[in-house]
$ cat work-v9.cif   # mmCIF, C-alpha atoms
data_coords
#
loop_
_atom_site.label_atom_id
_atom_site.label_comp_id
_atom_site.auth_asym_id
_atom_site.auth_seq_id
_atom_site.Cartn_x
_atom_site.Cartn_y
_atom_site.Cartn_z
CA MET O 466 -12.05 23.50 -12.23
CA ASN O 467 -12.49 20.00 -10.84
CA LYS O 468 -12.12 19.52 -7.15
CA ILE O 469 -10.76 16.07 -6.36
CA LEU O 470 -11.06 14.12 -3.14
CA ALA O 471 -8.18 11.59 -3.23
CA LEU O 472 -8.68 9.11 -0.39
CA SER O 473 -7.34 5.70 0.61
CA SER O 474 -6.36 3.29 3.35
CA PRO O 475 -2.76 3.48 4.61
CA GLY O 476 0.17 1.38 3.38
CA GLY O 477 0.23 0.28 -0.25
CA HIS O 478 -3.11 1.90 -1.05
CA TRP O 479 -1.76 5.30 -0.03
CA VAL O 480 1.61 4.82 -1.76
CA GLN O 481 -0.27 4.05 -5.00
CA LEU O 482 -2.62 7.02 -4.57
CA CYS O 483 0.43 9.29 -4.18
CA ARG O 484 1.80 7.92 -7.50
CA LEU O 485 -1.25 9.60 -9.13
CA ILE O 486 -0.43 13.08 -7.80
CA PRO O 487 1.17 14.27 -11.10
CA ALA O 488 -2.21 13.62 -12.82
CA PHE O 489 -3.92 16.01 -10.39
CA LYS O 490 -1.92 19.14 -11.23
CA ALA O 491 -4.70 20.84 -13.25
CA SER O 492 -7.19 20.27 -10.41
CA ASP O 493 -7.85 21.42 -6.88
CA VAL O 494 -7.14 18.41 -4.58
CA VAL O 495 -8.13 17.37 -1.07
CA TYR O 496 -6.36 14.31 0.33
CA ALA O 497 -7.51 11.94 3.06
CA CYS O 498 -5.91 8.95 4.76
CA THR O 499 -5.53 7.53 8.27
CA TYR O 500 -2.05 8.92 9.04
CA SER O 501 -1.93 11.82 11.48
CA LYS O 502 0.41 13.52 9.01
CA ALA O 503 1.10 12.60 5.39
CA SER O 504 4.82 13.01 4.75
CA GLU O 505 4.40 12.55 0.97
CA LEU O 506 2.39 15.78 0.75
CA SER O 507 3.65 19.34 1.00
CA VAL O 508 2.58 21.66 3.80
CA ASP O 509 0.29 23.54 1.39
CA ASP O 510 -1.68 20.41 0.53
CA ASN O 511 -5.16 20.10 1.97
CA TYR O 512 -5.14 16.89 4.03
CA TYR O 513 -7.76 15.24 6.26
CA VAL O 514 -7.35 12.34 8.69
CA ILE O 515 -10.00 9.62 8.43
CA GLY O 516 -10.65 6.60 10.68
CA ASP O 517 -9.19 3.28 9.59
CA ILE O 518 -11.50 0.38 9.01
CA SER O 519 -11.37 -3.07 7.46
CA ARG O 520 -13.63 -6.10 7.45
CA ASP O 521 -12.03 -7.03 10.77
CA SER O 522 -12.96 -3.75 12.45
CA ILE O 523 -16.40 -3.10 11.00
CA GLY O 524 -17.67 -1.72 14.34
CA ARG O 525 -16.07 1.64 13.58
CA ILE O 526 -18.03 2.03 10.34
CA PHE O 527 -20.39 4.78 11.56
CA SER O 528 -17.65 7.05 12.86
CA VAL O 529 -15.69 6.52 9.63
CA ILE O 530 -18.78 7.34 7.53
CA SER O 531 -19.52 10.48 9.53
CA GLY O 532 -15.89 11.62 9.15
CA ILE O 533 -16.05 11.21 5.37
CA VAL O 534 -19.48 12.90 5.13
CA LYS O 535 -18.00 15.92 6.95
CA ILE O 536 -15.22 16.16 4.35
CA LEU O 537 -17.72 15.87 1.46
CA LYS O 538 -19.97 18.58 2.93
CA LYS O 539 -17.12 20.97 3.69
CA GLU O 540 -14.99 20.50 0.56
CA LYS O 541 -17.74 19.69 -1.98
CA PRO O 542 -15.48 17.68 -4.33
CA THR O 543 -16.64 17.09 -7.92
CA VAL O 544 -14.56 13.90 -8.26
CA ILE O 545 -13.67 11.14 -5.79
CA ILE O 546 -10.65 9.00 -6.60
CA THR O 547 -9.57 6.08 -4.44
CA THR O 548 -7.15 3.16 -4.52
CA GLY O 549 -9.13 1.34 -1.80
CA ALA O 550 -9.69 -0.33 0.41
CA LEU O 551 -12.91 -0.37 2.52
CA PRO O 552 -12.84 3.38 3.40
CA GLY O 553 -12.47 4.07 -0.33
CA LEU O 554 -15.44 1.87 -1.15
CA ILE O 555 -17.54 3.64 1.50
CA THR O 556 -16.52 6.99 -0.01
CA ILE O 557 -17.52 5.81 -3.49
CA LEU O 558 -20.95 4.85 -2.15
CA LEU O 559 -21.32 8.21 -0.38
CA GLY O 560 -20.15 9.93 -3.56
CA ARG O 561 -22.97 8.29 -5.52
CA ILE O 562 -25.47 9.48 -2.91
CA TYR O 563 -24.10 13.04 -3.13
CA GLY O 564 -23.98 12.97 -6.96
CA ILE O 565 -20.16 13.11 -7.19
CA ASN O 566 -18.16 11.55 -10.05
CA THR O 567 -16.31 8.49 -8.70
CA ILE O 568 -13.14 6.65 -9.76
CA TRP O 569 -11.80 3.37 -8.33
CA LEU O 570 -8.26 2.21 -9.11
CA ASP O 571 -7.80 -1.36 -7.87
CA SER O 572 -4.48 -2.02 -6.10
CA ILE O 573 -1.63 -3.44 -8.17
CA ALA O 574 -1.42 -6.10 -5.43
CA ASN O 575 -4.51 -7.69 -6.99
CA SER O 576 -2.63 -9.25 -9.88
CA GLU O 577 -4.63 -12.46 -10.28
CA LYS O 578 -8.13 -11.34 -9.33
CA ILE O 579 -9.93 -8.10 -8.59
CA SER O 580 -10.29 -7.36 -4.87
CA MET O 581 -13.65 -7.90 -3.17
CA SER O 582 -13.97 -4.12 -2.72
CA GLY O 583 -13.01 -3.62 -6.38
CA LYS O 584 -15.74 -6.00 -7.54
CA ILE O 585 -18.33 -4.07 -5.56
CA ALA O 586 -16.85 -0.76 -6.76
CA SER O 587 -17.21 -1.92 -10.36
CA TYR O 588 -20.98 -1.70 -9.88
CA LEU O 589 -20.89 1.56 -7.93
CA ALA O 590 -18.13 3.76 -9.36
CA HIS O 591 -18.47 5.75 -12.60
CA ASN O 592 -15.01 4.53 -13.59
CA CYS O 593 -13.35 1.35 -12.33
CA PHE O 594 -9.80 0.42 -13.30
CA THR O 595 -7.47 -2.53 -12.76
CA GLN O 596 -3.66 -2.35 -13.06
CA TRP O 597 -3.46 -5.74 -14.76
CA LYS O 598 -4.45 -6.06 -18.44
CA ASN O 599 -5.47 -9.70 -17.96
CA LEU O 600 -8.09 -8.66 -15.38
CA ALA O 601 -9.75 -5.98 -17.54
CA GLY O 602 -13.32 -6.68 -18.56
CA GLU O 603 -16.62 -5.04 -19.36
CA ARG O 604 -16.91 -2.95 -16.19
CA ILE O 605 -13.25 -2.81 -15.18
CA LYS O 606 -10.80 -1.24 -17.64
CA TYR O 607 -7.02 -1.07 -17.86
CA ILE O 608 -5.57 2.43 -18.36
CA GLY O 609 -2.02 1.93 -17.06
CA ARG O 610 -0.33 1.13 -13.76
CA VAL O 611 1.63 2.81 -10.98
CA ILE O 612 4.97 1.19 -11.89
CA MET F 357 20.77 -1.70 9.63
CA ILE F 358 18.09 -4.13 8.50
CA LEU F 359 14.48 -2.93 8.48
CA LEU F 360 11.83 -5.60 9.06
CA THR F 361 8.26 -4.46 8.34
CA VAL F 362 4.93 -6.30 8.20
CA GLY F 363 2.31 -3.54 7.92
CA THR F 364 -0.21 -2.67 10.58
CA GLN F 365 -3.43 -4.57 9.93
CA ILE F 366 -2.83 -8.19 10.89
CA PRO F 367 0.12 -9.64 12.89
CA PHE F 368 2.75 -11.68 11.04
CA ASP F 369 4.74 -13.21 13.89
CA ARG F 370 5.88 -16.16 11.73
CA LEU F 371 8.21 -13.86 9.78
CA ILE F 372 9.27 -11.83 12.82
CA THR F 373 10.17 -15.01 14.72
CA LEU F 374 12.22 -16.30 11.78
CA VAL F 375 14.22 -13.09 11.54
CA ASP F 376 14.68 -13.06 15.31
CA ASP F 377 15.94 -16.67 15.14
CA TRP F 378 18.29 -15.76 12.32
CA VAL F 379 19.79 -12.91 14.36
CA SER F 380 20.43 -15.37 17.23
CA GLU F 381 21.85 -18.14 15.06
CA SER F 382 23.97 -16.00 12.75
CA GLY F 383 25.30 -13.75 15.49
CA THR F 384 25.07 -10.87 13.02
CA LYS F 385 26.39 -7.50 14.14
CA GLN F 386 23.82 -5.69 12.01
CA GLU F 387 21.11 -3.83 13.92
CA VAL F 388 17.56 -4.98 13.13
CA VAL F 389 14.62 -2.57 13.47
CA ALA F 390 11.30 -4.43 13.41
CA GLN F 391 7.88 -2.90 12.78
CA VAL F 392 5.62 -5.70 13.96
CA GLY F 393 2.07 -4.24 13.68
CA SER F 394 -0.70 -5.37 16.01
CA SER F 395 1.50 -7.92 17.75
CA ALA F 396 2.84 -8.15 21.29
CA TYR F 397 6.14 -9.58 20.01
CA SER F 398 9.21 -8.58 21.98
CA SER F 399 12.84 -9.46 21.41
CA ASN F 400 16.27 -8.84 22.86
CA ASN F 401 17.76 -9.14 19.37
CA MET F 402 15.81 -6.38 17.64
CA THR F 403 14.44 -2.90 18.22
CA VAL F 404 10.68 -3.53 18.05
CA PHE F 405 7.92 -1.03 17.16
CA GLN F 406 4.25 -1.80 16.61
CA SER F 407 3.81 0.98 14.07
CA VAL F 408 5.66 4.10 13.00
CA GLU F 409 4.39 7.30 11.43
CA PRO F 410 5.37 7.77 7.75
CA GLU F 411 8.04 10.35 8.58
CA GLN F 412 9.88 8.04 10.99
CA PHE F 413 9.40 5.11 8.61
CA GLU F 414 10.98 7.18 5.82
CA GLN F 415 14.00 7.71 8.09
CA TYR F 416 14.39 3.97 8.70
CA ILE F 417 13.96 3.27 4.98
CA ASN F 418 16.71 5.74 4.14
CA ASP F 419 19.05 4.45 6.86
CA CYS F 420 18.69 0.70 6.25
CA ASP F 421 20.90 -1.51 4.09
CA PHE F 422 17.95 -3.60 3.00
CA ILE F 423 14.36 -4.39 3.90
CA ILE F 424 12.69 -7.64 4.92
CA SER F 425 8.92 -7.39 4.50
CA HIS F 426 5.61 -9.15 4.04
CA ALA F 427 4.58 -8.98 0.36
CA GLY F 428 2.79 -5.64 0.78
CA MET F 429 2.70 -3.15 -2.09
CA GLY F 430 3.53 -0.19 0.16
CA SER F 431 6.81 -1.79 1.21
CA ILE F 432 7.69 -2.92 -2.31
CA LEU F 433 6.95 0.42 -4.01
CA THR F 434 8.75 2.32 -1.25
CA ALA F 435 11.81 0.07 -1.50
CA LEU F 436 11.96 0.57 -5.28
CA ARG F 437 11.57 4.34 -4.85
CA VAL F 438 14.58 4.56 -2.52
CA LYS F 439 16.49 1.90 -4.52
CA LYS F 440 16.92 -0.42 -1.52
CA PRO F 441 16.87 -4.21 -1.87
CA ILE F 442 13.72 -5.78 -0.45
CA VAL F 443 13.26 -9.40 0.64
CA ILE F 444 9.57 -10.29 0.54
CA PHE F 445 7.97 -13.15 2.45
CA PRO F 446 4.28 -13.53 1.49
CA ARG F 447 1.57 -14.09 4.09
CA LYS F 448 -0.62 -17.18 3.76
CA ALA F 449 -4.38 -17.08 4.26
CA ALA F 450 -4.39 -20.75 5.37
CA LEU F 451 -2.26 -19.76 8.39
CA GLY F 452 -4.61 -16.88 9.26
CA GLU F 453 -2.02 -14.34 8.14
CA HIS F 454 -4.35 -12.49 5.75
CA ARG F 455 -7.92 -12.57 4.46
CA ASN F 456 -6.84 -14.02 1.11
CA ASP F 457 -3.72 -15.09 -0.79
CA HIS F 458 -3.11 -11.91 -2.78
CA GLN F 459 0.37 -11.66 -1.22
CA LEU F 460 1.32 -14.93 -2.91
CA ALA F 461 0.07 -13.42 -6.18
CA THR F 462 2.10 -10.26 -5.51
CA ALA F 463 5.18 -12.40 -4.83
CA ARG F 464 4.68 -14.22 -8.15
CA SER F 465 4.17 -10.95 -10.08
CA PHE F 466 7.22 -9.25 -8.56
CA SER F 467 9.61 -12.20 -8.46
CA ASN F 468 11.37 -11.09 -11.67
CA ILE F 469 11.67 -7.39 -10.74
CA ASP F 470 15.18 -6.12 -10.00
CA GLY F 471 15.75 -5.43 -6.32
CA VAL F 472 12.86 -7.67 -5.16
CA TYR F 473 13.83 -11.03 -3.63
CA VAL F 474 11.04 -13.51 -2.91
CA VAL F 475 11.40 -16.15 -0.19
CA HIS F 476 8.73 -18.51 1.15
CA ASP F 477 10.26 -20.36 4.08
CA ARG F 478 12.98 -20.46 6.71
CA ASP F 479 15.62 -22.06 4.49
CA GLU F 480 15.16 -19.64 1.62
CA LEU F 481 15.17 -16.69 4.02
CA PHE F 482 18.28 -17.82 5.91
CA ASP F 483 20.15 -18.58 2.66
CA LEU F 484 19.40 -15.13 1.36
CA LEU F 485 20.32 -13.39 4.64
CA LEU F 486 23.62 -15.29 4.69
CA ASN F 487 24.46 -13.59 1.38
CA SER F 488 22.75 -10.28 2.05
CA SER F 489 25.84 -8.28 1.05
CA THR F 490 25.17 -9.34 -2.56
CA LEU F 491 21.63 -7.90 -2.64
CA GLY F 492 21.15 -4.99 -5.04
CA GLY F 493 18.40 -2.37 -5.09
CA GLY F 494 15.82 -1.87 -7.82
CA VAL F 495 14.41 1.30 -9.26
CA LEU F 496 10.94 2.81 -9.66
CA LYS F 497 10.96 3.70 -13.34
CA ASP F 498 8.56 6.03 -15.08
CA SER F 499 7.49 3.16 -17.33
CA ASP F 500 5.29 3.63 -20.41
CA ASP F 501 2.44 2.04 -18.47
CA TYR F 502 2.88 4.61 -15.68
CA LYS F 503 2.98 7.53 -18.14
CA GLN F 504 -0.13 6.10 -19.78
CA LEU F 505 -1.89 5.94 -16.39
CA LEU F 506 -1.04 9.57 -15.59
CA SER F 507 -2.15 10.89 -18.97
CA ASN F 508 -5.37 8.82 -18.99
CA MET F 509 -6.17 9.86 -15.45
CA ALA F 510 -5.46 13.54 -16.22
CA ASN F 511 -7.80 13.29 -19.25
CA ILE F 512 -10.59 11.78 -17.16
CA LEU F 513 -10.13 14.55 -14.59
CA ALA F 514 -9.99 17.38 -17.19
#

$ encode --input "work-v9.cif" --output "C-alpha cells"
Amino acid sequence: MNKILALSSPGGHWVQLCRLIPAFKASDVVYACTYSKASELSVDDNYYVIGDISRDSIGRIFSVISGIVKILKKEKPTVIITTGALPGLITILLGRIYGINTIWLDSIANSEKISMSGKIASYLAHNCFTQWKNLAGERIKYIGRVI
Amino acid sequence: MILLTVGTQIPFDRLITLVDDWVSESGTKQEVVAQVGSSAYSSNNMTVFQSVEPEQFEQYINDCDFIISHAGMGSILTALRVKKPIVIFPRKAALGEHRNDHQLATARSFSNIDGVYVVHDRDELFDLLLNSSTLGGGVLKDSDDYKQLLSNMANILA
C-alpha cells in the first residue's frame, strides 16, 4: 500500500489539500501543516506540525527542512503530495533526494499564470498539475480542480 | 456578526481601515470580528485578532452572517463550504499588499460565482455593505471537474 505524505502551507493551500482527502482513502496518509491542530482531520489521522516559511521569512529554512526530514525518516512515505507553497516545494526537493514519488498541485488561486513555486516544481516533481486548463502545458497537466 | 479576515502572511490594513471606517460612518449595530494577521491594528469598533486557530475560525465562520475577506482561496472555499456570502477585496502588489497580483486574478475568476461578491475600492465596498441584507451564500458543489480530480488523483496513487 502507498504511504502518502500530504503537506502544505496554511490557508488556501491547506483547504485545497483537504479537498483531496477522498482520493486518499485506499492509502495510508500522514498530514503536515503549520497549524498546532488541524480541525479538518479526525483524531485518528496522523498529523505533524511543520514550521511556516515564505520568501519573506527565508531565515527559518533550515529548521523547516530539518522538521520535514524528520517526518520523511520516521514515516517513510512512498508518495509526497502538496498544494504548495514554499514548504511544499522544499518537501518535493527532499522527496527527490530520498527517492520518493512527488506530486505538485498548483493552487487554484493561480488562474492566469503558474506560481513561481509551481514553475520550479514542474522541473522537480514527478507529476505537476494546474487547476486551470488554459495553463496546462508540456510539463504541467490539467486533471481536474478542487471546485 | 460580520467576519473580516485577511490571512496571516502579510498585513492588509487598507481593507481593515475601510471596514472600520464603514462601521463608524454607518453606525451599524452588527458586531464585526476582524482577523488582521501580522498587523498592530486596533479599533474600538471591532473585535480584533491577529490570527485564530482553525477551530476558533470555524466557529466564527459558522456564527457570522457574511464574510469580508482579501481574495484568498482559503476564505473563498471555506465560505462556499458553509454557504455564507463572501465579499472579496483583492490585494494589490503595487501597494505592497502581496508579492504578486494573483488576488486580482482570483477576483476575476470568481466574480461570476454565486455567493462571491468582488469589490475593489471604498465606494464599491460601502455600497455593498449598505445592502448586505441582500447578500446570498454560494455552495461548494461536487462538480464534474472535482470528481475528475479525485478519480485521477486516486488512480495516480493506486

$ residues_around --input "work-v9.cif" --residues "Gly516 of chain O" --least-positions-apart "5" --cutoff "9 Å" --atoms "only C-alpha atoms" --output "JSON, numbers by chain"
{"O": [498, 499, 525, 526, 528, 529, 530, 532, 533, 552]}

$ atom_distance --input "work-v9.cif" --atom1 "atom CA of Ile417 of chain F" --atom2 "atom CA of Glu387 of chain F"
13.5 Å

$ closest_residue --input "work-v9.cif" --among "F:Val392, F:Val408, F:Val362, F:Val438" --to "His426 of chain F" --atoms "all atoms listed in the file"
F:Val362

$ resolve_selection --input "work-v9.cif" --expression "the PyMOL selection byres ((chain O) within 7 of (chain F))" --output "JSON, numbers by chain"
{"O": [476, 477, 480, 485, 487, 488, 489, 503, 504, 574, 575, 576, 577, 608, 609, 610, 611, 612]}

$ residues_around --input "work-v9.cif" --residues "Gly492 of chain F" --least-positions-apart "4" --cutoff "12 Å" --atoms "all atoms listed in the file" --output "list in words"
Asp421, Phe422, Ile423, Ala435, Leu436, Val438, Lys439, Lys440, Pro441, Ile442, Val443, Ile469, Asp470, Gly471, Val472, Tyr473, Asn487 and Ser488 of chain F

$ atom_distance --input "work-v9.cif" --atom1 "atom CA of Ser489 of chain F" --atom2 "atom CA of Val404 of chain F"
23.3 Å

$ residues_around --input "work-v9.cif" --residues "His476 of chain F" --least-positions-apart "5" --cutoff "8 Å" --atoms "all atoms listed in the file" --output "MDAnalysis selection string"
chainID F and resid 445:446 481

$ write_last_selection --input "work-v9.cif" --atoms "C-alpha atoms" --output "short mmCIF file (atom, residue, chain, number, x, y, z; two decimals), keeping the file's coordinate frame"
data_model
loop_
_atom_site.label_atom_id
_atom_site.label_comp_id
_atom_site.auth_asym_id
_atom_site.auth_seq_id
_atom_site.Cartn_x
_atom_site.Cartn_y
_atom_site.Cartn_z
CA PHE F 445 7.97 -13.15 2.45
CA PRO F 446 4.28 -13.53 1.49
CA LEU F 481 15.17 -16.69 4.02
#

$ residues_around --input "work-v9.cif" --residues "segment 579-594 of chain O" --least-positions-apart "2" --cutoff "10 Å" --atoms "only C-alpha atoms" --output "PDB file with C-alpha atoms, keeping the file's coordinate frame"
ATOM      1  CA  ILE O 545     -13.670  11.140  -5.790  1.00  0.00           C
ATOM      2  CA  ILE O 546     -10.650   9.000  -6.600  1.00  0.00           C
ATOM      3  CA  THR O 547      -9.570   6.080  -4.440  1.00  0.00           C
ATOM      4  CA  THR O 548      -7.150   3.160  -4.520  1.00  0.00           C
ATOM      5  CA  GLY O 549      -9.130   1.340  -1.800  1.00  0.00           C
ATOM      6  CA  ALA O 550      -9.690  -0.330   0.410  1.00  0.00           C
ATOM      7  CA  LEU O 551     -12.910  -0.370   2.520  1.00  0.00           C
ATOM      8  CA  PRO O 552     -12.840   3.380   3.400  1.00  0.00           C
ATOM      9  CA  GLY O 553     -12.470   4.070  -0.330  1.00  0.00           C
ATOM     10  CA  LEU O 554     -15.440   1.870  -1.150  1.00  0.00           C
ATOM     11  CA  ILE O 555     -17.540   3.640   1.500  1.00  0.00           C
ATOM     12  CA  ILE O 557     -17.520   5.810  -3.490  1.00  0.00           C
ATOM     13  CA  LEU O 558     -20.950   4.850  -2.150  1.00  0.00           C
ATOM     14  CA  GLY O 560     -20.150   9.930  -3.560  1.00  0.00           C
ATOM     15  CA  ARG O 561     -22.970   8.290  -5.520  1.00  0.00           C
ATOM     16  CA  ILE O 565     -20.160  13.110  -7.190  1.00  0.00           C
ATOM     17  CA  ASN O 566     -18.160  11.550 -10.050  1.00  0.00           C
ATOM     18  CA  THR O 567     -16.310   8.490  -8.700  1.00  0.00           C
ATOM     19  CA  ILE O 568     -13.140   6.650  -9.760  1.00  0.00           C
ATOM     20  CA  TRP O 569     -11.800   3.370  -8.330  1.00  0.00           C
ATOM     21  CA  LEU O 570      -8.260   2.210  -9.110  1.00  0.00           C
ATOM     22  CA  ASP O 571      -7.800  -1.360  -7.870  1.00  0.00           C
ATOM     23  CA  SER O 572      -4.480  -2.020  -6.100  1.00  0.00           C
ATOM     24  CA  ILE O 573      -1.630  -3.440  -8.170  1.00  0.00           C
ATOM     25  CA  ALA O 574      -1.420  -6.100  -5.430  1.00  0.00           C
ATOM     26  CA  ASN O 575      -4.510  -7.690  -6.990  1.00  0.00           C
ATOM     27  CA  SER O 576      -2.630  -9.250  -9.880  1.00  0.00           C
ATOM     28  CA  GLU O 577      -4.630 -12.460 -10.280  1.00  0.00           C
ATOM     29  CA  GLN O 596      -3.660  -2.350 -13.060  1.00  0.00           C
ATOM     30  CA  TRP O 597      -3.460  -5.740 -14.760  1.00  0.00           C
ATOM     31  CA  LYS O 598      -4.450  -6.060 -18.440  1.00  0.00           C
ATOM     32  CA  LEU O 600      -8.090  -8.660 -15.380  1.00  0.00           C
ATOM     33  CA  ALA O 601      -9.750  -5.980 -17.540  1.00  0.00           C
ATOM     34  CA  GLY O 602     -13.320  -6.680 -18.560  1.00  0.00           C
ATOM     35  CA  GLU O 603     -16.620  -5.040 -19.360  1.00  0.00           C
ATOM     36  CA  ARG O 604     -16.910  -2.950 -16.190  1.00  0.00           C
ATOM     37  CA  ILE O 605     -13.250  -2.810 -15.180  1.00  0.00           C
ATOM     38  CA  LYS O 606     -10.800  -1.240 -17.640  1.00  0.00           C
ATOM     39  CA  TYR O 607      -7.020  -1.070 -17.860  1.00  0.00           C
ATOM     40  CA  ILE O 608      -5.570   2.430 -18.360  1.00  0.00           C
ATOM     41  CA  GLY O 609      -2.020   1.930 -17.060  1.00  0.00           C
ATOM     42  CA  ARG O 610      -0.330   1.130 -13.760  1.00  0.00           C
TER      43      ARG O 610
ATOM     44  CA  ASN F 456      -6.840 -14.020   1.110  1.00  0.00           C
ATOM     45  CA  HIS F 458      -3.110 -11.910  -2.780  1.00  0.00           C
ATOM     46  CA  ILE F 512     -10.590  11.780 -17.160  1.00  0.00           C
TER      47      ILE F 512
END

$ residues_around --input "work-v9.cif" --residues "segment 371-381 of chain F" --least-positions-apart "2" --cutoff "9 Å" --atoms "only C-alpha atoms" --output "NGL selection string"
:F and (360-362 or 368-369 or 383-386 or 388 or 390 or 392 or 397 or 399-402 or 424-426 or 445 or 447 or 477-478 or 481-482 or 485)

$ resolve_selection --input "work-v9.cif" --expression "the PyMOL selection byres ((chain O and resi 538-542) around 10)" --output "ChimeraX atom specification"
/O:467-471,493-495,511,533-537,543-545,560,563,565-566

$ write_last_selection --input "work-v9.cif" --atoms "C-alpha atoms" --output "mmCIF file, keeping the file's coordinate frame"
data_model
loop_
_atom_site.group_PDB
_atom_site.id
_atom_site.type_symbol
_atom_site.label_atom_id
_atom_site.label_comp_id
_atom_site.auth_asym_id
_atom_site.auth_seq_id
_atom_site.Cartn_x
_atom_site.Cartn_y
_atom_site.Cartn_z
ATOM 1 C CA ASN O 467 -12.490 20.000 -10.840
ATOM 2 C CA LYS O 468 -12.120 19.520 -7.150
ATOM 3 C CA ILE O 469 -10.760 16.070 -6.360
ATOM 4 C CA LEU O 470 -11.060 14.120 -3.140
ATOM 5 C CA ALA O 471 -8.180 11.590 -3.230
ATOM 6 C CA ASP O 493 -7.850 21.420 -6.880
ATOM 7 C CA VAL O 494 -7.140 18.410 -4.580
ATOM 8 C CA VAL O 495 -8.130 17.370 -1.070
ATOM 9 C CA ASN O 511 -5.160 20.100 1.970
ATOM 10 C CA ILE O 533 -16.050 11.210 5.370
ATOM 11 C CA VAL O 534 -19.480 12.900 5.130
ATOM 12 C CA LYS O 535 -18.000 15.920 6.950
ATOM 13 C CA ILE O 536 -15.220 16.160 4.350
ATOM 14 C CA LEU O 537 -17.720 15.870 1.460
ATOM 15 C CA THR O 543 -16.640 17.090 -7.920
ATOM 16 C CA VAL O 544 -14.560 13.900 -8.260
ATOM 17 C CA ILE O 545 -13.670 11.140 -5.790
ATOM 18 C CA GLY O 560 -20.150 9.930 -3.560
ATOM 19 C CA TYR O 563 -24.100 13.040 -3.130
ATOM 20 C CA ILE O 565 -20.160 13.110 -7.190
ATOM 21 C CA ASN O 566 -18.160 11.550 -10.050
#

$ closest_residue --input "work-v9.cif" --among "O:Ile523, O:Ile562, O:Ile518, O:Val508" --to "Ser474 of chain O" --atoms "only C-alpha atoms"
O:Ile518

$ atom_distance --input "work-v9.cif" --atom1 "atom CA of Tyr496 of chain O" --atom2 "atom CA of Gln481 of chain O"
13.1 Å

$ closest_residue --input "work-v9.cif" --among "F:Ser467, F:Pro367, F:Ser382, F:Asp419" --to "Ser395 of chain F" --atoms "all atoms listed in the file"
F:Pro367
